[in-house]
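Text of the file query.cif, holding mmCIF, C-alpha atoms, pLDDT in the B column; chains and numbers go by the auth columns:
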data_run
#
loop_
_atom_site.group_PDB
_atom_site.id
_atom_site.type_symbol
_atom_site.label_atom_id
_atom_site.label_comp_id
_atom_site.label_asym_id
_atom_site.label_seq_id
_atom_site.Cartn_x
_atom_site.Cartn_y
_atom_site.Cartn_z
_atom_site.B_iso_or_equiv
_atom_site.auth_seq_id
_atom_site.auth_asym_id
ATOM 1 C CA THR A 1 -104.764 55.153 254.876 55.00 1 U
ATOM 2 C CA ASP A 2 -104.582 58.935 254.819 70.00 2 U
ATOM 3 C CA SER A 3 -107.034 59.061 251.916 74.00 3 U
ATOM 4 C CA GLY A 4 -109.554 56.905 253.770 76.00 4 U
ATOM 5 C CA ILE A 5 -109.329 59.062 256.891 84.00 5 U
ATOM 6 C CA PHE A 6 -109.733 62.195 254.758 86.00 6 U
ATOM 7 C CA ASP A 7 -112.889 60.731 253.184 88.00 7 U
ATOM 8 C CA ASN A 8 -114.315 59.886 256.607 90.00 8 U
ATOM 9 C CA VAL A 9 -113.705 63.375 258.038 91.00 9 U
ATOM 10 C CA LEU A 10 -115.160 65.022 254.939 91.00 10 U
ATOM 11 C CA GLU A 11 -118.259 62.850 255.203 92.00 11 U
ATOM 12 C CA ILE A 12 -118.711 63.735 258.886 92.00 12 U
ATOM 13 C CA LEU A 13 -118.484 67.462 258.151 92.00 13 U
ATOM 14 C CA THR A 14 -121.078 67.267 255.380 92.00 14 U
ATOM 15 C CA LEU A 15 -123.421 65.106 257.461 92.00 15 U
ATOM 16 C CA ALA A 16 -123.166 67.764 260.180 91.00 16 U
ATOM 17 C CA GLY A 17 -124.773 70.276 257.805 90.00 17 U
ATOM 18 C CA ARG A 18 -121.882 71.909 255.964 91.00 18 U
ATOM 19 C CA THR A 19 -121.863 72.171 252.191 91.00 19 U
ATOM 20 C CA LEU A 20 -119.204 70.233 250.340 93.00 20 U
ATOM 21 C CA PRO A 21 -117.162 73.321 249.327 92.00 21 U
ATOM 22 C CA GLU A 22 -117.407 74.595 252.920 93.00 22 U
ATOM 23 C CA ALA A 23 -116.108 71.298 254.326 93.00 23 U
ATOM 24 C CA ILE A 24 -113.285 71.157 251.783 93.00 24 U
ATOM 25 C CA LEU A 25 -112.261 74.726 252.635 93.00 25 U
ATOM 26 C CA MET A 26 -112.162 73.810 256.320 93.00 26 U
ATOM 27 C CA MET A 27 -109.938 70.799 255.679 92.00 27 U
ATOM 28 C CA MET A 28 -107.701 72.272 252.948 92.00 28 U
ATOM 29 C CA PRO A 29 -107.422 76.044 253.487 92.00 29 U
ATOM 30 C CA GLN A 30 -105.093 78.326 251.616 91.00 30 U
ATOM 31 C CA ALA A 31 -102.046 79.823 253.333 90.00 31 U
ATOM 32 C CA TRP A 32 -103.536 82.898 254.955 90.00 32 U
ATOM 33 C CA GLU A 33 -101.749 83.838 258.192 88.00 33 U
ATOM 34 C CA ASN A 34 -99.128 86.075 256.572 87.00 34 U
ATOM 35 C CA SER A 35 -101.144 87.122 253.527 87.00 35 U
ATOM 36 C CA THR A 36 -101.681 90.871 253.206 86.00 36 U
ATOM 37 C CA ASP A 37 -104.286 90.911 250.434 87.00 37 U
ATOM 38 C CA LEU A 38 -107.119 88.878 251.979 88.00 38 U
ATOM 39 C CA ALA A 39 -110.561 90.398 252.465 91.00 39 U
ATOM 40 C CA PRO A 40 -111.360 90.788 256.195 91.00 40 U
ATOM 41 C CA GLU A 41 -114.421 88.503 255.917 93.00 41 U
ATOM 42 C CA LEU A 42 -112.378 85.703 254.348 93.00 42 U
ATOM 43 C CA ARG A 43 -109.600 86.084 256.911 93.00 43 U
ATOM 44 C CA ASP A 44 -112.176 85.788 259.698 93.00 44 U
ATOM 45 C CA LEU A 45 -113.613 82.625 258.124 94.00 45 U
ATOM 46 C CA LEU A 46 -110.193 81.000 257.765 93.00 46 U
ATOM 47 C CA LYS A 47 -109.219 81.970 261.308 93.00 47 U
ATOM 48 C CA PHE A 48 -112.461 80.537 262.654 93.00 48 U
ATOM 49 C CA ASN A 49 -111.912 77.275 260.765 92.00 49 U
ATOM 50 C CA ALA A 50 -108.312 77.095 262.017 91.00 50 U
ATOM 51 C CA ALA A 51 -109.628 76.948 265.579 87.00 51 U
ATOM 52 C CA MET A 52 -111.749 73.943 264.610 87.00 52 U
ATOM 53 C CA MET A 53 -109.262 71.856 262.673 86.00 53 U
ATOM 54 C CA GLU A 54 -105.649 71.749 261.543 85.00 54 U
ATOM 55 C CA PRO A 55 -105.145 71.880 257.756 87.00 55 U
ATOM 56 C CA TRP A 56 -104.460 68.802 255.656 85.00 56 U
ATOM 57 C CA ASP A 57 -101.281 69.718 253.798 79.00 57 U
ATOM 58 C CA GLY A 58 -101.243 66.809 251.398 74.00 58 U
ATOM 59 C CA PRO A 59 -99.658 66.850 248.952 77.00 59 U
ATOM 60 C CA ALA A 60 -103.141 66.390 247.561 82.00 60 U
ATOM 61 C CA LEU A 61 -105.302 67.235 244.589 87.00 61 U
ATOM 62 C CA VAL A 62 -108.839 66.330 245.661 89.00 62 U
ATOM 63 C CA CYS A 63 -111.834 65.981 243.343 90.00 63 U
ATOM 64 C CA PHE A 64 -115.240 65.730 245.005 91.00 64 U
ATOM 65 C CA THR A 65 -118.973 65.572 244.333 91.00 65 U
ATOM 66 C CA ASP A 66 -122.193 65.171 246.288 88.00 66 U
ATOM 67 C CA GLY A 67 -124.574 64.852 243.340 88.00 67 U
ATOM 68 C CA THR A 68 -125.441 68.566 243.290 89.00 68 U
ATOM 69 C CA GLY A 69 -122.102 69.667 241.885 91.00 69 U
ATOM 70 C CA VAL A 70 -118.515 68.678 241.269 92.00 70 U
ATOM 71 C CA GLY A 71 -115.331 70.407 242.304 92.00 71 U
ATOM 72 C CA ALA A 72 -111.612 70.211 242.907 92.00 72 U
ATOM 73 C CA CYS A 73 -109.169 71.665 245.401 92.00 73 U
ATOM 74 C CA LEU A 74 -105.393 71.822 245.602 91.00 74 U
ATOM 75 C CA ASP A 75 -103.644 71.842 248.974 89.00 75 U
ATOM 76 C CA ARG A 76 -101.841 74.993 250.089 88.00 76 U
ATOM 77 C CA ASN A 77 -98.366 73.652 249.275 86.00 77 U
ATOM 78 C CA GLY A 78 -99.362 73.082 245.666 83.00 78 U
ATOM 79 C CA LEU A 79 -97.097 70.098 245.029 82.00 79 U
ATOM 80 C CA ARG A 80 -99.686 68.374 242.806 82.00 80 U
ATOM 81 C CA PRO A 81 -100.380 69.852 239.357 84.00 81 U
ATOM 82 C CA CYS A 82 -104.014 70.459 238.396 87.00 82 U
ATOM 83 C CA ARG A 83 -105.028 71.639 234.922 88.00 83 U
ATOM 84 C CA TYR A 84 -108.515 71.951 233.518 88.00 84 U
ATOM 85 C CA TYR A 85 -110.440 72.688 230.329 87.00 85 U
ATOM 86 C CA VAL A 86 -113.996 74.000 230.102 88.00 86 U
ATOM 87 C CA THR A 87 -115.526 73.271 226.707 87.00 87 U
ATOM 88 C CA LYS A 88 -118.288 75.050 224.835 88.00 88 U
ATOM 89 C CA ASP A 89 -120.583 72.024 225.226 85.00 89 U
ATOM 90 C CA LYS A 90 -120.403 72.458 229.053 84.00 90 U
ATOM 91 C CA LYS A 91 -117.876 69.808 229.916 85.00 91 U
ATOM 92 C CA ILE A 92 -115.095 70.089 232.480 87.00 92 U
ATOM 93 C CA ILE A 93 -111.929 68.086 231.907 87.00 93 U
ATOM 94 C CA LEU A 94 -109.611 68.162 234.902 87.00 94 U
ATOM 95 C CA SER A 95 -106.452 66.205 235.492 85.00 95 U
ATOM 96 C CA SER A 96 -102.904 66.447 236.742 82.00 96 U
ATOM 97 C CA GLU A 97 -101.677 66.296 233.142 77.00 97 U
ATOM 98 C CA CYS A 98 -102.591 67.938 229.846 74.00 98 U
ATOM 99 C CA GLY A 99 -103.813 65.807 226.963 72.00 99 U
ATOM 100 C CA VAL A 100 -105.380 62.992 229.021 75.00 100 U
ATOM 101 C CA LEU A 101 -108.273 62.841 226.545 77.00 101 U
ATOM 102 C CA PRO A 102 -107.622 62.781 222.805 75.00 102 U
ATOM 103 C CA GLN A 103 -109.648 64.582 220.152 77.00 103 U
ATOM 104 C CA ILE A 104 -110.234 67.787 222.143 80.00 104 U
ATOM 105 C CA GLU A 105 -110.245 70.400 219.430 83.00 105 U
ATOM 106 C CA PRO A 106 -108.740 73.786 220.405 82.00 106 U
ATOM 107 C CA GLU A 107 -111.728 75.646 218.975 86.00 107 U
ATOM 108 C CA SER A 108 -114.081 73.753 221.320 86.00 108 U
ATOM 109 C CA ILE A 109 -112.320 75.053 224.455 87.00 109 U
ATOM 110 C CA LEU A 110 -114.120 77.920 226.161 87.00 110 U
ATOM 111 C CA THR A 111 -111.517 78.485 228.877 87.00 111 U
ATOM 112 C CA LYS A 112 -108.593 76.666 230.437 86.00 112 U
ATOM 113 C CA GLY A 113 -106.344 77.126 233.412 87.00 113 U
ATOM 114 C CA ARG A 114 -104.789 75.519 236.455 88.00 114 U
ATOM 115 C CA LEU A 115 -105.539 75.481 240.143 88.00 115 U
ATOM 116 C CA SER A 116 -103.042 77.419 242.245 89.00 116 U
ATOM 117 C CA PRO A 117 -102.093 76.293 245.783 90.00 117 U
ATOM 118 C CA GLY A 118 -105.075 76.388 248.139 90.00 118 U
ATOM 119 C CA LYS A 119 -107.559 77.238 245.370 91.00 119 U
ATOM 120 C CA LEU A 120 -111.043 75.791 244.734 92.00 120 U
ATOM 121 C CA LEU A 121 -113.172 75.127 241.673 92.00 121 U
ATOM 122 C CA TRP A 122 -116.861 74.237 241.865 93.00 122 U
ATOM 123 C CA ALA A 123 -119.465 73.510 239.167 91.00 123 U
ATOM 124 C CA ASP A 124 -123.086 73.721 240.329 90.00 124 U
ATOM 125 C CA PHE A 125 -125.356 71.326 238.429 88.00 125 U
ATOM 126 C CA ALA A 126 -128.629 73.115 239.234 86.00 126 U
ATOM 127 C CA SER A 127 -127.554 76.530 237.954 86.00 127 U
ATOM 128 C CA GLY A 128 -125.091 75.247 235.373 85.00 128 U
ATOM 129 C CA LYS A 129 -122.571 77.709 236.773 87.00 129 U
ATOM 130 C CA LEU A 130 -118.829 77.288 237.177 89.00 130 U
ATOM 131 C CA MET A 131 -117.581 79.120 240.278 90.00 131 U
ATOM 132 C CA GLY A 132 -113.987 80.152 240.764 90.00 132 U
ATOM 133 C CA ASP A 133 -112.043 80.304 244.003 91.00 133 U
ATOM 134 C CA GLY A 134 -112.783 83.933 244.840 91.00 134 U
ATOM 135 C CA GLU A 135 -116.529 83.657 244.266 92.00 135 U
ATOM 136 C CA ILE A 136 -116.847 80.469 246.331 92.00 136 U
ATOM 137 C CA LYS A 137 -114.933 81.790 249.329 93.00 137 U
ATOM 138 C CA GLN A 138 -116.596 85.203 249.233 93.00 138 U
ATOM 139 C CA GLU A 139 -119.992 83.523 249.359 92.00 139 U
ATOM 140 C CA LEU A 140 -118.962 81.245 252.239 93.00 140 U
ATOM 141 C CA ALA A 141 -117.371 84.105 254.203 93.00 141 U
ATOM 142 C CA ARG A 142 -120.681 85.982 254.249 93.00 142 U
ATOM 143 C CA THR A 143 -122.807 83.131 255.591 91.00 143 U
ATOM 144 C CA GLN A 144 -122.029 83.824 259.280 92.00 144 U
ATOM 145 C CA PRO A 145 -120.569 86.698 261.391 94.00 145 U
ATOM 146 C CA PHE A 146 -117.247 84.917 261.868 92.00 146 U
ATOM 147 C CA GLY A 147 -115.384 88.097 262.814 92.00 147 U
ATOM 148 C CA LYS A 148 -117.887 88.891 265.558 93.00 148 U
ATOM 149 C CA TRP A 149 -117.672 85.366 266.942 93.00 149 U
ATOM 150 C CA ILE A 150 -113.861 85.524 267.056 90.00 150 U
ATOM 151 C CA GLN A 151 -113.871 88.903 268.760 89.00 151 U
ATOM 152 C CA GLU A 152 -116.395 87.870 271.392 88.00 152 U
ATOM 153 C CA GLU A 153 -115.349 84.308 272.122 87.00 153 U
ATOM 154 C CA SER A 154 -111.616 83.943 271.497 86.00 154 U
ATOM 155 C CA LEU A 155 -108.808 84.544 273.979 82.00 155 U
ATOM 156 C CA SER A 156 -105.293 84.931 272.672 82.00 156 U
ATOM 157 C CA MET A 157 -102.106 84.238 274.586 81.00 157 U
ATOM 158 C CA GLU A 158 -101.181 87.912 274.185 84.00 158 U
ATOM 159 C CA GLN A 159 -104.415 88.975 275.875 83.00 159 U
ATOM 160 C CA LEU A 160 -103.874 86.491 278.693 83.00 160 U
ATOM 161 C CA VAL A 161 -100.324 87.723 279.357 85.00 161 U
ATOM 162 C CA LYS A 162 -101.494 91.352 279.440 86.00 162 U
ATOM 163 C CA GLU A 163 -104.287 90.538 281.877 82.00 163 U
ATOM 164 C CA LEU A 164 -101.940 88.649 284.189 82.00 164 U
ATOM 165 C CA ALA A 165 -99.391 91.464 284.034 83.00 165 U
ATOM 166 C CA ALA A 166 -102.142 93.918 284.999 83.00 166 U
ATOM 167 C CA GLY A 167 -102.848 91.923 288.148 79.00 167 U
ATOM 168 C CA ALA A 168 -105.702 89.702 287.021 73.00 168 U
ATOM 169 C CA GLU A 169 -106.332 86.713 289.274 75.00 169 U
ATOM 170 C CA VAL A 170 -105.531 83.288 287.919 68.00 170 U
ATOM 171 C CA PRO A 171 -108.582 81.055 288.305 68.00 171 U
ATOM 172 C CA PRO A 172 -107.926 77.841 290.203 69.00 172 U
ATOM 173 C CA SER A 173 -107.402 74.794 288.035 67.00 173 U
ATOM 174 C CA ALA A 174 -110.268 72.335 287.954 66.00 174 U
ATOM 175 C CA HIS A 175 -107.822 69.492 287.357 65.00 175 U
ATOM 176 C CA THR A 176 -105.908 67.765 290.104 71.00 176 U
ATOM 177 C CA SER A 177 -103.274 65.080 289.934 71.00 177 U
ATOM 178 C CA ALA A 178 -106.047 62.562 290.562 72.00 178 U
ATOM 179 C CA ASN A 179 -108.165 63.448 287.512 77.00 179 U
ATOM 180 C CA ARG A 180 -105.501 64.869 285.178 79.00 180 U
ATOM 181 C CA LEU A 181 -104.963 61.548 283.398 81.00 181 U
ATOM 182 C CA SER A 182 -108.647 61.111 282.633 82.00 182 U
ATOM 183 C CA ALA A 183 -108.837 64.723 281.401 81.00 183 U
ATOM 184 C CA LEU A 184 -105.886 64.201 279.059 82.00 184 U
ATOM 185 C CA ARG A 185 -107.450 61.002 277.764 80.00 185 U
ATOM 186 C CA THR A 186 -110.798 62.752 277.216 79.00 186 U
ATOM 187 C CA PHE A 187 -109.224 65.440 275.029 76.00 187 U
ATOM 188 C CA GLY A 188 -107.021 63.011 273.110 78.00 188 U
ATOM 189 C CA TYR A 189 -103.630 63.921 274.583 81.00 189 U
ATOM 190 C CA THR A 190 -100.939 61.253 274.788 83.00 190 U
ATOM 191 C CA HIS A 191 -97.524 61.160 276.448 83.00 191 U
ATOM 192 C CA GLU A 192 -96.066 61.597 272.966 83.00 192 U
ATOM 193 C CA SER A 193 -98.035 64.816 272.329 84.00 193 U
ATOM 194 C CA LEU A 194 -97.015 66.189 275.738 86.00 194 U
ATOM 195 C CA ASP A 195 -93.305 65.382 275.337 87.00 195 U
ATOM 196 C CA LEU A 196 -92.845 66.056 271.617 86.00 196 U
ATOM 197 C CA LEU A 197 -95.333 68.870 270.949 85.00 197 U
ATOM 198 C CA LEU A 198 -96.338 70.802 274.076 87.00 198 U
ATOM 199 C CA LEU A 199 -93.033 70.661 275.960 89.00 199 U
ATOM 200 C CA PRO A 200 -90.957 72.225 273.114 88.00 200 U
ATOM 201 C CA MET A 201 -93.595 74.961 272.720 87.00 201 U
ATOM 202 C CA GLY A 202 -93.393 75.912 276.384 86.00 202 U
ATOM 203 C CA ARG A 203 -89.622 75.539 276.613 89.00 203 U
ATOM 204 C CA ASP A 204 -88.500 77.081 273.311 88.00 204 U
ATOM 205 C CA SER A 205 -91.503 79.308 272.417 85.00 205 U
ATOM 206 C CA GLU A 206 -91.819 77.633 269.038 84.00 206 U
ATOM 207 C CA GLU A 207 -93.476 74.611 267.507 82.00 207 U
ATOM 208 C CA ALA A 208 -91.504 71.394 267.312 81.00 208 U
ATOM 209 C CA LEU A 209 -90.318 70.251 263.906 78.00 209 U
ATOM 210 C CA GLY A 210 -90.841 66.726 262.657 73.00 210 U
ATOM 211 C CA SER A 211 -90.708 64.639 259.526 70.00 211 U
ATOM 212 C CA MET A 212 -92.533 61.608 258.172 68.00 212 U
ATOM 213 C CA GLY A 213 -89.488 60.585 256.166 69.00 213 U
ATOM 214 C CA ASN A 214 -87.332 57.535 256.764 70.00 214 U
ATOM 215 C CA ASP A 215 -83.983 58.721 258.114 71.00 215 U
ATOM 216 C CA THR A 216 -82.523 55.198 258.419 77.00 216 U
ATOM 217 C CA PRO A 217 -79.082 55.195 256.733 81.00 217 U
ATOM 218 C CA LEU A 218 -78.557 53.167 253.584 85.00 218 U
ATOM 219 C CA ALA A 219 -77.493 49.620 254.346 86.00 219 U
ATOM 220 C CA VAL A 220 -74.140 50.105 252.625 88.00 220 U
ATOM 221 C CA LEU A 221 -73.423 53.096 254.908 88.00 221 U
ATOM 222 C CA SER A 222 -74.895 51.667 258.107 86.00 222 U
ATOM 223 C CA ARG A 223 -72.709 50.837 261.084 87.00 223 U
ATOM 224 C CA THR A 224 -75.082 48.133 262.291 84.00 224 U
ATOM 225 C CA PRO A 225 -75.747 44.702 260.774 82.00 225 U
ATOM 226 C CA ARG A 226 -78.528 44.779 258.154 82.00 226 U
ATOM 227 C CA SER A 227 -80.483 42.155 256.256 80.00 227 U
ATOM 228 C CA VAL A 228 -79.154 41.282 252.825 82.00 228 U
ATOM 229 C CA PHE A 229 -82.476 42.453 251.337 79.00 229 U
ATOM 230 C CA ASP A 230 -81.820 45.998 252.605 83.00 230 U
ATOM 231 C CA TYR A 231 -78.966 46.313 250.116 84.00 231 U
ATOM 232 C CA PHE A 232 -81.330 46.027 247.152 82.00 232 U
ATOM 233 C CA TYR A 233 -83.905 48.790 247.798 70.00 233 U
ATOM 234 C CA GLN A 234 -84.909 50.786 244.757 63.00 234 U
ATOM 235 C CA LEU A 235 -84.453 54.503 245.535 56.00 235 U
#

As structure tokens, please, write out the structure in this file.
Amino acid sequence: TDSGIFDNVLEILTLAGRTLPEAILMMMPQAWENSTDLAPELRDLLKFNAAMMEPWDGPALVCFTDGTGVGACLDRNGLRPCRYYVTKDKKIILSSECGVLPQIEPESILTKGRLSPGKLLWADFASGKLMGDGEIKQELARTQPFGKWIQEESLSMEQLVKELAAGAEVPPSAHTSANRLSALRTFGYTHESLDLLLLPMGRDSEEALGSMGNDTPLAVLSRTPRSVFDYFYQL
């Protein structure tokens, strides 16, 4: 299932040395490309992570712990509600609905709120500190010189076009028709990804659109013979 695959990828990232909030941020980033109010360090971090992995868009509200803390994250589309209470006796109550636990007196609530799309919440057990989204991401953005790495190591399509227009030589391809299939297999490309993803990008200069929905017509409206059971689906 999608949830099982998500768990496996998250475990791999943490076993590779990343902290749990860092791995979650890599997998479920906020929408940042067109945002105008991001700090440069955070933008560099998100851009660096985007080169490593595509975002998991959910819809998902993920709660996580590694024994040193507990946290939650909402995907960038924000289609799952997430509300939380922090009580004066240092308890965090977080759920998709309000009132999941009875007998929570209003005077015992220290603070309450909800997670916005792409936002994180993390409670550190050792320090007893509750960290909000801005504090977590600011701390992570300062761990490495992400902006310097991007500037030195990345090559954009715009740069490549300018260099070719200026007369730069195109290096010979290391792949021939004989070894192209093995190269595609090594990097995980399939005929489907070539035909449905890469070809529209090169032909139309835009990403292909797709849907996971079932576009099969209702049996009562279908022009082809259908099983009698198809007429009794619950919508």

Exercise for the section: Provide the atom CA of U:Asp37 to atom CA of U:Glu152 distance in Å, to one decimal place. Expected result: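 A separation of 24.4 Å between them.
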
Practice task
Name the closest residue to U:Leu46 among the candidates U:Gly113, U:Phe146, U:Leu120, U:Tyr85; distances are taken between atoms, counting all atoms listed in the file.
Solution key: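 Under the stated criterion, the closest residue is U:Phe146.
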
Problem - Chain and number of each residue from the PyMOL selection byres ((chain U and resi 125-142) around 8), as a ChimeraX atom specification - result: /U:21-22,41-42,44-45,68-70,119-124,143-146

Exercise for the section: Would you write out, as a VMD selection string, every residue that the PyMOL selection byres ((chain U and resi 20) around 10) captures in this file? Expected result: chain U and resid 10 to 11 13 to 15 17 to 19 21 to 26 64 to 66 68 to 71 122

Handout entry: Separation of atom CA of U:Gly210 from atom CA of U:Leu196, in Å and rounded to one decimal
Key =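 For atom CA of U:Gly210 relative to atom CA of U:Leu196, the distance reads 9.2 Å.
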
Practice task
Mind giving me the straight-line distance from atom CA of U:Ala31 to atom CA of U:Lys47 in Å, one decimal?
Solution key: 10.9 Å

Practice task
List the residues selected by the PyMOL selection byres ((chain U and resi 28) around 7) in the file shown, writing them as a ChimeraX atom specification.
Solution key: /U:24-27,29-30,55-57,75,118
